[in-house]
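> Next up is a structure, given as structure tokens.
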Amino acid sequence: MSTVATSSIAPIKKSRFSRQGIVMTVYLVFLLLPIYWLINMSLKTNEEILSTFSLWPQHLTLDNYIKIFTDPSWYSGYINSITYVVLNTVISITVALPAAYAFSRYRFLGDKHLFFWLLTNRMAPPAVFALPFFQLYSSVGLFDTHIGVALAHCLFNVPLAVWILEGFMSGVPKEIDETAYIDGYSFTRFFTRIFMPLIASGIGVTAFFCFMFSWVELLLARTLTSVAAKPIAATMTRTVSASGMDWGVLAAAGVLTIIPGALVIWFVRNYIAKGFALGRV
Amino acid sequence: MNKTWNNKAWWMVLPVVLLVAFSAVIPLMTVVNYSVQDTFGNNQFFWAGLQWFEEIVNSERFHDALIRQFIFSAVILAIEIPLGIFIAMNMPKKGWAVPVCLVLMSLPLLIPWNVVGTIWQIFGRVDIGLLGASMKALGIDYNYTQNIADAWITVVVMDVWHWTSLVALLCYAGLQSIPEAYYQAARIDGASTWAIFRYIQLPKMRGVLLIAVLLRFMDSFMIYTEPFVVTGGGPGNATTFLSIDLVKMAIGQFDLGPAAAFSIIYFLIILLLSWVFYTVMTHLDKQGQKS
């Protein structure tokens, strides 16, 4: 029976593999071509970018990268971005963990309305909030601080974190909680010693998504900062207009913003789809 | 799962409520405040009633932006959802190629949105970009800063490039959850590829597809940074979507009253759509628990 099945499946798989290979190759080339072009440009001098058109650098140069790493107005942008992204991730996870537990285990007054209200904040267009945020954060002295941007990004990251974590927590049987309480565990001991290790992958994925959405957002980050906490993405837009299109440095800065994402992706590659499905696959 | 009724759970939710309330409710109240007042400067405000709302609802500018926004979201969904399903079905199932595909496909999702814009701005330029230069070499008159159709194509292709992987990854996760026995049974029955897709794969992907459709709809509905960097809303107003128009009005022209009314109408549309999303999601969760 099994031999029949495998022998009849084998040729189908082989013929599908070649078609699959072609489709995936075309798609990945489509994805990577613009990124390749960016890297290509970042390794050229401005003269070469503007004068000759070539598929790879004729005179390989690292000057653009050197400029970024030696100029504080450039590299401080990276430090600022990383600072508020990390702050935001830590805050989001810390407050979202107990809330997600409450949503996944208990029913309480107004729980469904509350959950929906949180959700609407994930769906709220940042453009709506840009101006009032500016005024609110200026008036309480949070303008142009890392913590200010981190708090602003909590607007969409906390609901997302609650939502993903709730999905993962609902996958843990309730009997585990009850057994632990019968065994005499206090809530905090149970939560930190037993429950958090059980959903460790979920926490990792949530942290990744908080990192990601805080890292890619620019509108609020740019509105809420001027100098001291200016994110790298904003540094890029401003320098371009000021220095009359320094394409090489712009491309190099772009390449450097891709690297942190590419690094963290490797660690969550098997969970990324589950995270996007909000823990519900 | 049956949940126990316990109002003390509010204490666990309280930090989240306070934090989000600070970031959401206070700014929203500011917006509401502006939307019903007028000013002659000097921070002196007086009551304007629903004047701004009437103005926005009747303004051609808002209608045009709204129509452009719906067309854009519709085009995005019509391309990205089928393409995402198609890609997901062609992704390798095991071996070294799986992590490679996953990582490379996720790459565009992790690029800051304005860098996405910058990448395509450079890529599409006729003088220094690969795409623009290739078009020119092929004899096609392509210029996204001048030609409306080219600007639209560039913005749409950019979004497809940016987000199709999200749809594909979600569908892939859905496909992975189908047991091999289903396919074997289908083969024994002599089911065609189309029948397998229609009766096995599509129903299994329903949940993730719904999330994909709604995430893509929401995010394309509030798109700002990428088209702003590439086209700046132009040529003319051809790619001025709702968010771009709103920021122009609020920060560019500092028309606080109309911008606030605009914000609230925009937010209400989103709210309505979120409600539909939430209802359908919880409905699906319930169905999932039953089966």
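By convention in this document, the chains of the structure tokens carry letters A, B, ... by their order, each chain's residues are numbered from 1, and ligands are numbered from 1 in the order they are shown.
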DSSP on the backbone, helix (DSSP H, G or I) only: what residues of region 94-265 of chain A does that give? Format it as a PyMOL selection string.

chain A and resi 94-105+111-123+126-139+146-170+174-182+187-198+200-216+219-223+232-242+247-265

> Region 101-114 of chain B: which residues within 7 Å, counting only C-alpha atoms, same-chain residues fewer than 5 positions away excluded, as a list in words?

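My list of contacting residues is Met212, Trp215, Val216, Glu217, Ala233, Thr257, Ile258, Gly261, Ala262, Ile265, Trp266 and Arg269 of chain A; His162, Trp163, Ser165, Thr225, Glu226 and Val229 of chain B.
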
> Please, could you write that set of residues out with C-alpha atoms as a PDB file, in the first residue's frame?


```pdb
ATOM      1  CA  MET A 212       9.606  45.379  14.071  1.00  0.00           C
ATOM      2  CA  TRP A 215      11.607  50.025  13.996  1.00  0.00           C
ATOM      3  CA  VAL A 216       9.730  50.626  10.755  1.00  0.00           C
ATOM      4  CA  GLU A 217       7.464  53.444  11.978  1.00  0.00           C
ATOM      5  CA  ALA A 233      15.062  57.181   9.340  1.00  0.00           C
ATOM      6  CA  THR A 257      18.766  50.089   8.521  1.00  0.00           C
ATOM      7  CA  ILE A 258      18.061  46.712   6.915  1.00  0.00           C
ATOM      8  CA  GLY A 261      15.917  43.453  10.946  1.00  0.00           C
ATOM      9  CA  ALA A 262      17.758  40.829   8.951  1.00  0.00           C
ATOM     10  CA  ILE A 265      14.537  37.603  11.541  1.00  0.00           C
ATOM     11  CA  TRP A 266      16.898  34.651  11.664  1.00  0.00           C
ATOM     12  CA  ARG A 269      12.013  32.513  11.177  1.00  0.00           C
TER      13      ARG A 269
ATOM     14  CA  HIS B 162       6.672  45.221   0.441  1.00  0.00           C
ATOM     15  CA  TRP B 163       3.707  43.208   1.688  1.00  0.00           C
ATOM     16  CA  SER B 165       5.346  38.141   1.616  1.00  0.00           C
ATOM     17  CA  THR B 225       5.306  57.004   4.464  1.00  0.00           C
ATOM     18  CA  GLU B 226       6.088  54.950   1.366  1.00  0.00           C
ATOM     19  CA  VAL B 229       8.726  59.432   0.008  1.00  0.00           C
TER      20      VAL B 229
END
```

> Specify as a count of residues only all residues of chain B found within 6 Å of chain A, counting only C-alpha atoms.

25

> What gap, in Å, lies between CA of Val57 (chain B) and CA of Tyr34 (chain B)?

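About the pair CA of Val57 (chain B) and CA of Tyr34 (chain B): they are 16.5 Å apart.
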
> Please indicate the distance in Å from CA of Met29 (chain B) to CA of Ala161 (chain A), rounded to one decimal place.

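The value is 24.6 Å.
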
> What is the distance between CA of Ala252 (chain A) and CA of Leu43 (chain A), in Å to one decimal?

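Computing the Euclidean distance for CA of Ala252 (chain A) and CA of Leu43 (chain A) yields 7.6 Å.
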
> Rank B:Asn237, B:Gln253, B:Asn33, B:Ser220 by their smallest atom-to-atom distance to Ile270 (chain B), using only C-alpha atoms, and report the top residue only.

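Using only C-alpha atoms, Ile270 (chain B) sits closest to B:Ser220.
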
> Where in region 2-243 of chain B does DSSP assign strand (DSSP E), given as a list in words?

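Assigned to strand (DSSP E), within region 2-243 of chain B: Thr4, Trp5, Gln37, Asp38, Thr39, Phe45, Phe46 and Trp47 of chain B.
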